[in-house]
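Text of final.csv, listed as CSV, C-alpha atoms:
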```csv
chain,number,residue,atom,x,y,z
A,300,MET,CA,-76.0,-4.7,-12.5
A,301,ASP,CA,-72.3,-5.4,-12.0
A,302,LEU,CA,-72.1,-6.9,-8.5
A,303,LYS,CA,-68.3,-6.8,-8.5
A,304,LYS,CA,-68.3,-3.1,-9.4
A,305,VAL,CA,-71.0,-2.3,-6.8
A,306,GLY,CA,-69.1,-4.2,-4.1
A,307,LYS,CA,-65.9,-2.4,-4.9
A,308,PHE,CA,-67.7,0.9,-4.8
A,309,ILE,CA,-69.3,0.2,-1.4
A,310,ALA,CA,-65.9,-0.9,0.0
A,311,GLU,CA,-64.2,2.4,-1.2
A,312,LEU,CA,-67.0,4.5,0.3
A,313,ARG,CA,-66.9,2.5,3.6
A,314,LYS,CA,-63.2,3.0,4.0
A,315,SER,CA,-63.4,6.7,3.2
A,316,LYS,CA,-65.8,7.0,6.1
A,317,ASN,CA,-63.4,5.0,8.4
A,318,LEU,CA,-66.0,2.3,9.0
A,319,THR,CA,-65.2,-1.4,9.5
A,320,GLN,CA,-67.5,-4.0,7.9
A,321,ASP,CA,-68.8,-4.9,11.4
A,322,LYS,CA,-69.5,-1.3,12.3
A,323,LEU,CA,-71.3,-0.6,9.0
A,324,GLY,CA,-73.3,-3.9,9.5
A,325,GLU,CA,-74.2,-2.8,13.1
A,326,ILE,CA,-75.5,0.6,11.8
A,327,LEU,CA,-77.6,-1.1,9.1
A,328,GLY,CA,-78.8,-3.9,11.4
A,329,VAL,CA,-77.1,-6.6,9.4
A,330,ASN,CA,-74.2,-9.0,10.0
A,331,GLY,CA,-70.6,-7.9,9.1
A,332,LYS,CA,-70.3,-11.0,6.9
A,333,THR,CA,-73.2,-9.6,4.9
A,334,ILE,CA,-71.2,-6.5,4.2
A,335,SER,CA,-68.3,-8.7,3.2
A,336,LYS,CA,-70.5,-10.5,0.6
A,337,TRP,CA,-71.6,-7.2,-0.8
A,338,GLU,CA,-68.1,-5.9,-1.2
A,339,ARG,CA,-66.9,-9.2,-2.8
A,340,GLY,CA,-69.7,-9.1,-5.3
A,341,ILE,CA,-71.4,-12.2,-4.1
A,342,ASN,CA,-74.7,-10.5,-3.1
A,343,ALA,CA,-76.3,-7.1,-3.6
A,344,PRO,CA,-77.6,-5.0,-0.8
A,345,ASP,CA,-81.2,-5.7,0.0
A,346,ILE,CA,-83.7,-3.0,-1.2
A,347,SER,CA,-84.8,-2.5,2.4
A,348,VAL,CA,-81.4,-1.1,3.4
A,349,LEU,CA,-80.4,0.8,0.3
A,350,ASN,CA,-81.8,4.2,1.4
A,351,HIS,CA,-80.1,3.9,4.8
A,352,LEU,CA,-76.8,2.7,3.1
A,353,SER,CA,-76.9,5.6,0.7
A,354,GLU,CA,-77.3,8.1,3.6
A,355,ILE,CA,-74.4,6.6,5.5
A,356,LEU,CA,-72.0,6.5,2.5
A,357,GLY,CA,-73.1,10.0,1.2
A,358,VAL,CA,-74.2,8.8,-2.2
A,359,SER,CA,-77.5,8.2,-4.0
A,360,VAL,CA,-79.2,4.8,-4.3
A,361,SER,CA,-78.7,4.9,-8.1
A,362,GLU,CA,-75.0,5.6,-7.6
A,363,ILE,CA,-74.7,2.5,-5.4
A,364,LEU,CA,-76.5,0.3,-7.9
A,365,ASN,CA,-74.3,1.7,-10.7
A,366,GLY,CA,-71.2,1.2,-8.7
A,367,GLU,CA,-69.9,4.8,-9.4
A,368,ARG,CA,-70.6,8.5,-8.7
A,369,LYS,CA,-72.5,10.5,-11.2
A,370,SER,CA,-70.4,13.1,-13.0
A,371,ILE,CA,-72.4,16.1,-11.7
A,372,ILE,CA,-70.6,19.4,-12.1
A,373,LYS,CA,-71.3,21.5,-9.0
A,374,ILE,CA,-71.1,25.3,-9.0
A,375,ASP,CA,-68.9,25.2,-5.9
A,376,ASP,CA,-66.5,22.9,-7.7
A,377,ILE,CA,-66.3,25.3,-10.7
A,378,THR,CA,-65.8,28.3,-8.4
A,379,ASP,CA,-63.0,26.5,-6.5
A,380,LYS,CA,-61.3,25.5,-9.8
A,381,ILE,CA,-61.5,29.1,-11.1
A,382,LYS,CA,-60.0,30.4,-7.9
A,383,TYR,CA,-57.2,27.8,-8.1
A,384,TYR,CA,-56.3,28.7,-11.7
A,385,ILE,CA,-56.5,32.5,-11.0
A,386,LYS,CA,-54.2,32.0,-8.0
A,387,LYS,CA,-51.9,29.7,-10.1
A,388,ASN,CA,-51.8,32.2,-12.9
A,389,SER,CA,-51.2,35.1,-10.6
A,390,VAL,CA,-48.1,33.4,-9.1
A,391,LYS,CA,-46.9,32.6,-12.6
A,392,ASN,CA,-47.4,36.2,-13.7
A,393,ILE,CA,-45.5,37.4,-10.6
A,394,LYS,CA,-42.6,35.1,-11.5
A,395,ILE,CA,-42.6,36.3,-15.1
A,396,SER,CA,-42.7,39.9,-14.0
A,397,ILE,CA,-39.7,39.4,-11.6
A,398,ILE,CA,-37.8,37.7,-14.4
A,399,ILE,CA,-38.5,40.6,-16.8
A,400,ILE,CA,-37.5,43.2,-14.2
A,401,LEU,CA,-34.2,41.3,-13.4
A,402,LEU,CA,-33.6,41.0,-17.2
A,403,ILE,CA,-34.1,44.8,-17.7
A,404,LEU,CA,-31.8,45.5,-14.7
A,405,ALA,CA,-29.2,43.2,-16.2
A,406,ILE,CA,-29.4,44.9,-19.6
A,407,PHE,CA,-29.1,48.4,-18.0
A,408,SER,CA,-26.2,47.3,-15.9
A,409,VAL,CA,-24.4,45.9,-19.0
A,410,LEU,CA,-25.1,49.1,-20.9
A,411,PHE,CA,-23.9,51.2,-18.0
A,412,LEU,CA,-20.7,49.3,-17.7
A,413,ILE,CA,-20.1,49.5,-21.5
A,414,ASN,CA,-20.7,53.2,-21.5
A,415,ASN,CA,-18.9,54.1,-18.3
A,416,PHE,CA,-16.5,51.4,-17.3
A,417,ASN,CA,-12.9,52.6,-17.8
A,418,GLN,CA,-14.2,55.7,-19.6
A,419,PHE,CA,-12.7,58.3,-17.1
A,420,LYS,CA,-8.9,58.4,-17.0
A,421,VAL,CA,-6.4,60.8,-15.5
A,422,TYR,CA,-2.8,60.9,-16.6
A,423,LYS,CA,0.1,62.7,-15.0
A,424,VAL,CA,2.1,64.7,-17.5
A,425,SER,CA,5.7,65.5,-16.7
A,426,SER,CA,9.1,66.1,-18.2
A,427,ASP,CA,12.0,63.6,-17.9
A,428,GLU,CA,14.1,64.0,-14.8
A,429,LYS,CA,17.2,64.5,-17.1
A,430,SER,CA,15.6,67.5,-18.7
A,431,ASN,CA,16.6,71.0,-17.8
A,432,TYR,CA,12.9,71.9,-17.4
A,433,VAL,CA,10.4,70.9,-14.8
A,434,ILE,CA,6.9,70.3,-16.2
A,435,ASP,CA,3.9,69.4,-14.1
A,436,GLY,CA,0.4,68.7,-15.5
A,437,TYR,CA,-2.5,66.4,-16.0
A,438,MET,CA,-4.4,65.0,-18.9
A,439,ILE,CA,-8.0,64.0,-18.3
A,440,LEU,CA,-10.0,61.9,-20.7
A,441,ASN,CA,-13.7,61.2,-20.3
A,442,GLN,CA,-16.8,60.6,-22.4
A,443,LYS,CA,-17.7,64.2,-23.3
A,444,ARG,CA,-14.5,66.2,-23.0
A,445,ASN,CA,-10.7,65.7,-22.9
A,446,PHE,CA,-8.4,68.1,-21.1
A,447,ILE,CA,-4.7,68.9,-20.9
A,448,ILE,CA,-3.6,71.1,-18.1
A,449,ILE,CA,0.0,72.0,-17.7
A,450,ARG,CA,0.4,74.1,-14.6
A,451,ASN,CA,4.1,74.7,-14.6
A,452,ILE,CA,7.0,75.0,-17.0
A,453,ASP,CA,10.1,76.0,-15.1
A,454,LEU,CA,13.8,76.0,-15.9
A,455,ARG,CA,15.6,74.0,-13.2
A,456,LYS,CA,17.2,76.1,-10.5
A,457,LYS,CA,20.5,74.3,-11.0
A,458,ILE,CA,20.8,76.2,-14.3
A,459,ASP,CA,20.7,79.6,-12.6
A,460,GLY,CA,24.0,81.5,-13.0
A,461,THR,CA,25.4,79.0,-15.5
A,462,SER,CA,26.0,79.3,-19.2
A,463,ASP,CA,22.8,77.3,-19.7
A,464,GLU,CA,20.7,80.2,-18.5
A,465,ILE,CA,18.4,81.5,-21.3
A,466,PHE,CA,17.6,85.1,-21.7
A,467,VAL,CA,14.9,86.0,-24.2
A,468,LYS,CA,13.1,88.9,-25.8
A,469,TYR,CA,10.7,86.7,-27.7
A,470,LEU,CA,9.2,83.3,-26.7
A,471,ARG,CA,6.8,80.9,-28.4
A,472,VAL,CA,5.5,77.8,-26.5
A,473,VAL,CA,4.1,75.0,-28.7
A,474,LEU,CA,2.6,71.7,-27.5
A,475,TYR,CA,3.0,68.9,-30.1
A,476,ASN,CA,1.7,65.4,-30.5
A,477,GLN,CA,3.0,63.3,-33.3
A,478,ASP,CA,4.4,66.5,-34.8
A,479,LYS,CA,0.9,68.1,-34.9
A,480,VAL,CA,0.3,71.3,-33.0
A,481,LEU,CA,-2.2,71.0,-30.2
A,482,TYR,CA,-1.6,74.3,-28.5
A,483,GLU,CA,0.6,77.4,-28.9
A,484,VAL,CA,1.1,80.8,-27.2
A,485,THR,CA,3.5,83.6,-28.0
A,486,PHE,CA,5.1,86.2,-25.6
A,487,GLY,CA,7.5,88.9,-26.4
A,488,ASN,CA,9.2,91.5,-28.4
A,489,TYR,CA,10.3,93.3,-25.2
A,490,GLU,CA,13.2,95.9,-25.4
A,491,ASP,CA,15.3,94.1,-22.8
A,492,SER,CA,16.0,90.3,-22.7
A,493,VAL,CA,14.9,88.6,-19.5
A,494,LEU,CA,15.4,85.2,-18.0
A,495,ILE,CA,13.1,82.7,-19.7
A,496,ASN,CA,11.5,81.8,-16.4
A,497,GLU,CA,10.1,85.3,-16.1
A,498,TYR,CA,8.0,84.5,-19.1
A,499,LEU,CA,7.1,81.1,-18.0
A,500,ILE,CA,6.3,81.6,-14.4
A,501,ASN,CA,2.6,81.3,-13.5
A,502,ARG,CA,2.0,80.5,-17.2
A,503,SER,CA,-0.3,77.5,-17.8
A,504,ILE,CA,-1.4,75.5,-20.8
A,505,PHE,CA,-5.0,74.6,-20.9
A,506,LEU,CA,-6.4,72.6,-23.8
A,507,GLU,CA,-10.0,71.3,-24.0
A,508,GLU,CA,-11.4,69.0,-26.7
A,509,ASN,CA,-15.1,68.3,-27.1
A,510,ILE,CA,-15.7,64.7,-28.1
A,511,GLY,CA,-17.5,64.4,-31.4
A,512,LEU,CA,-16.8,68.0,-32.4
A,513,ALA,CA,-13.0,67.4,-32.5
A,514,LYS,CA,-11.0,64.6,-33.9
A,515,ASP,CA,-10.2,63.1,-30.5
A,516,LYS,CA,-6.5,64.2,-30.8
A,517,LEU,CA,-5.9,63.8,-27.1
A,518,LYS,CA,-7.0,60.2,-27.0
A,519,ASN,CA,-4.2,59.3,-29.4
A,520,ILE,CA,-1.5,60.8,-27.2
A,521,LYS,CA,1.4,58.5,-26.4
A,522,ASP,CA,4.8,59.0,-24.8
A,523,THR,CA,6.5,58.9,-28.1
A,524,ASN,CA,6.6,62.2,-30.0
A,525,PHE,CA,4.7,64.1,-27.3
A,526,TYR,CA,6.6,67.2,-26.4
A,527,ILE,CA,6.7,71.0,-25.8
A,528,LEU,CA,8.8,73.1,-28.1
A,529,LEU,CA,10.2,76.4,-26.9
A,530,GLU,CA,11.1,78.9,-29.6
A,531,TYR,CA,12.9,82.0,-28.4
A,532,SER,CA,15.2,84.8,-29.5
A,533,GLU,CA,17.6,86.8,-27.5
A,534,ASP,CA,18.0,89.5,-30.0
A,535,ASN,CA,14.8,89.3,-32.1
A,536,GLU,CA,16.8,87.9,-35.0
A,537,GLN,CA,18.2,84.4,-34.4
A,538,ILE,CA,15.5,81.9,-33.3
A,539,ASP,CA,16.7,79.1,-31.1
A,540,LYS,CA,14.6,76.0,-30.1
A,541,VAL,CA,14.4,73.7,-27.1
A,542,LYS,CA,12.5,70.4,-27.3
A,543,ILE,CA,11.1,69.1,-24.0
A,544,PRO,CA,9.9,65.5,-24.3
A,545,LEU,CA,6.9,64.7,-22.2
A,546,LYS,CA,5.9,61.5,-20.5
A,547,ILE,CA,2.4,60.4,-19.4
A,548,GLN,CA,1.6,58.1,-16.5
A,549,LYS,CA,-1.9,56.8,-15.7
A,550,ASP,CA,-2.9,58.2,-12.3
A,551,TYR,CA,-6.6,57.1,-12.1
A,552,ALA,CA,-9.2,55.2,-14.1
A,553,ASN,CA,-12.7,54.0,-13.2
A,554,ASN,CA,-11.9,50.4,-14.1
A,555,LYS,CA,-13.1,48.8,-10.9
A,556,VAL,CA,-16.6,47.6,-10.2
A,557,ILE,CA,-16.0,47.9,-6.4
A,558,TYR,CA,-13.6,50.5,-4.9
```

What does the file become when written as structure tokens?
Amino acid sequence: MDLKKVGKFIAELRKSKNLTQDKLGEILGVNGKTISKWERGINAPDISVLNHLSEILGVSVSEILNGERKSIIKIDDITDKIKYYIKKNSVKNIKISIIIILLILAIFSVLFLINNFNQFKVYKVSSDEKSNYVIDGYMILNQKRNFIIIRNIDLRKKIDGTSDEIFVKYLRVVLYNQDKVLYEVTFGNYEDSVLINEYLINRSIFLEENIGLAKDKLKNIKDTNFYILLEYSEDNEQIDKVKIPLKIQKDYANNKVIY
């Protein structure tokens, strides 16, 4: 028997019970100095007090004599450990689930921004202020369809009654981009020539382009070489032409995260 080990074990158990050496000696009917000698490994507890000592300290006699607790696995301890690990793993799984959900939301947000951010654009289409013609319209570009809508082509009123007035029997309106025809419409072959505005008034140009089915012509439109060409004849013989340069100006785009 290792007296030092036994003494140290008794001291640890006594302190865990909040007992002084004198108090423990009083309970056992021995002197406090006797307890001190046990704990210092000078003497071992007498056999007459071992049972009582084991009850007070909450251990068995054999554990006191061995100077350590027996490694007995209790069902309650196992249950407590299982509950602890289940709880710990549950918290861990919740954290992992939250991280996965946040990651999925981040991925969808990025994909949404890639697919939609700055994908809807509206441009104002107009003629130059120096032109004899007033043109008012819009070009709309989005993910599925592109549109050009020109609502008005009008010879300026200041031309009325001047030599610049144009009378026609035949009129062809062609929308060009980079010298490629986007749209055309023809009016005419009337008996009497009329002022060109009588052909143009309330006439609109509407051009729709389905993305994927067409060659995305409208997305390539720039101010340079984007124009309307008027071909007309006053006598059904000589064809005259007027080129009206068009300018585009961005009016709206969904290029802001917060509006």

For range 427-436 of chain A, work out the shell of residues within 9 Å, counting all atoms listed in the file and skipping chain neighbours fewer than 3 positions away, then give it as an mmCIF file with C-alpha atoms, keeping the file's coordinate frame.
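Writing the result to around22.cif gives the following:
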```
data_model
loop_
_atom_site.group_PDB
_atom_site.id
_atom_site.type_symbol
_atom_site.label_atom_id
_atom_site.label_comp_id
_atom_site.auth_asym_id
_atom_site.auth_seq_id
_atom_site.Cartn_x
_atom_site.Cartn_y
_atom_site.Cartn_z
ATOM 1 C CA TYR A 422 -2.800 60.900 -16.600
ATOM 2 C CA LYS A 423 0.100 62.700 -15.000
ATOM 3 C CA VAL A 424 2.100 64.700 -17.500
ATOM 4 C CA ILE A 447 -4.700 68.900 -20.900
ATOM 5 C CA ILE A 448 -3.600 71.100 -18.100
ATOM 6 C CA ILE A 449 0.000 72.000 -17.700
ATOM 7 C CA ARG A 450 0.400 74.100 -14.600
ATOM 8 C CA ASN A 451 4.100 74.700 -14.600
ATOM 9 C CA ILE A 452 7.000 75.000 -17.000
ATOM 10 C CA ASP A 453 10.100 76.000 -15.100
ATOM 11 C CA LEU A 454 13.800 76.000 -15.900
ATOM 12 C CA ARG A 455 15.600 74.000 -13.200
ATOM 13 C CA LYS A 456 17.200 76.100 -10.500
ATOM 14 C CA LYS A 457 20.500 74.300 -11.000
ATOM 15 C CA ILE A 458 20.800 76.200 -14.300
ATOM 16 C CA ILE A 504 -1.400 75.500 -20.800
ATOM 17 C CA ILE A 543 11.100 69.100 -24.000
ATOM 18 C CA PRO A 544 9.900 65.500 -24.300
ATOM 19 C CA LEU A 545 6.900 64.700 -22.200
ATOM 20 C CA LYS A 546 5.900 61.500 -20.500
#
```

Checklist line | Pick from A:Ile406, A:Ile400, A:Ile355, A:Val360, whichever lies nearest to Ser315 in chain A using only C-alpha atoms | finding: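 Nearest to Ser315 in chain A: A:Ile355.
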
Checklist line | Test item: residues at most 10 Å from Met438 in chain A, all atoms listed in the file, excluding those fewer than 6 positions along its chain, as a ChimeraX atom specification | finding: /A:420-424,445-449,505-507,517-518,520,547-550

Margin query: Just the number, please: distance in Å from CA of Ile399 in chain A to CA of Phe416 in chain A, one decimal.
Written below: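 We find that CA of Ile399 in chain A and CA of Phe416 in chain A lie 24.5 Å from each other.
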
Notebook entry, point to check: Which one is closest to Leu312 in chain A: A:Glu338, A:Ser503, A:Asn524, A:Gln537? Count only C-alpha atoms.
Noted result: A:Glu338

Please list as a PDB file with C-alpha atoms, keeping the file's coordinate frame every residue within 12 Å of Val358 in chain A, counting all atoms listed in the file and excluding residues in the same chain fewer than 2 positions away.
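Contents of the output file part.pdb:
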```
ATOM      1  CA  PHE A 308     -67.700   0.900  -4.800  1.00  0.00           C
ATOM      2  CA  ILE A 309     -69.300   0.200  -1.400  1.00  0.00           C
ATOM      3  CA  GLU A 311     -64.200   2.400  -1.200  1.00  0.00           C
ATOM      4  CA  LEU A 312     -67.000   4.500   0.300  1.00  0.00           C
ATOM      5  CA  ARG A 313     -66.900   2.500   3.600  1.00  0.00           C
ATOM      6  CA  LYS A 316     -65.800   7.000   6.100  1.00  0.00           C
ATOM      7  CA  LEU A 349     -80.400   0.800   0.300  1.00  0.00           C
ATOM      8  CA  ASN A 350     -81.800   4.200   1.400  1.00  0.00           C
ATOM      9  CA  HIS A 351     -80.100   3.900   4.800  1.00  0.00           C
ATOM     10  CA  LEU A 352     -76.800   2.700   3.100  1.00  0.00           C
ATOM     11  CA  SER A 353     -76.900   5.600   0.700  1.00  0.00           C
ATOM     12  CA  GLU A 354     -77.300   8.100   3.600  1.00  0.00           C
ATOM     13  CA  ILE A 355     -74.400   6.600   5.500  1.00  0.00           C
ATOM     14  CA  LEU A 356     -72.000   6.500   2.500  1.00  0.00           C
ATOM     15  CA  VAL A 360     -79.200   4.800  -4.300  1.00  0.00           C
ATOM     16  CA  SER A 361     -78.700   4.900  -8.100  1.00  0.00           C
ATOM     17  CA  GLU A 362     -75.000   5.600  -7.600  1.00  0.00           C
ATOM     18  CA  ILE A 363     -74.700   2.500  -5.400  1.00  0.00           C
ATOM     19  CA  LEU A 364     -76.500   0.300  -7.900  1.00  0.00           C
ATOM     20  CA  ASN A 365     -74.300   1.700 -10.700  1.00  0.00           C
ATOM     21  CA  GLY A 366     -71.200   1.200  -8.700  1.00  0.00           C
ATOM     22  CA  GLU A 367     -69.900   4.800  -9.400  1.00  0.00           C
ATOM     23  CA  ARG A 368     -70.600   8.500  -8.700  1.00  0.00           C
ATOM     24  CA  LYS A 369     -72.500  10.500 -11.200  1.00  0.00           C
TER      25      LYS A 369
END
```

Margin query: Please report the interatomic distance between CA of Ile346 in chain A and CA of Thr319 in chain A in Å with one decimal.
Written below: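 Calculated distance between CA of Ile346 in chain A and CA of Thr319 in chain A is 21.4 Å.
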
Next item on the list: Considering all atoms listed in the file, return as a VMD selection string whatever protein or nucleic-acid residues lie within 9 Å of range 488-500 of chain A, sequence-local ones (same chain, fewer than 4 positions apart) excluded.
Entry: chain A and resid 451 to 454 464 to 470 531 to 535

Next item on the list: Work out how far apart CA of Asn554 in chain A and CA of Val409 in chain A are and give it in Å to one decimal.
Entry: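 Straight-line distance from CA of Asn554 in chain A to CA of Val409 in chain A works out to 14.2 Å.
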
Checklist line | Distance criterion (only C-alpha atoms): nearest to Phe525 in chain A out of A:Asn509, A:Asn441, A:Thr485, A:Ser425 | finding: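 Nearest candidate to Phe525 in chain A out of A:Asn509, A:Asn441, A:Thr485, A:Ser425: A:Ser425.
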
Margin query: Ranking A:Gln442, A:Gln320, A:Thr333, A:Ser462 by minimum distance to Asp345 in chain A and counting only C-alpha atoms, which one comes first?
Written below: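 Nearest to Asp345 in chain A: A:Thr333.
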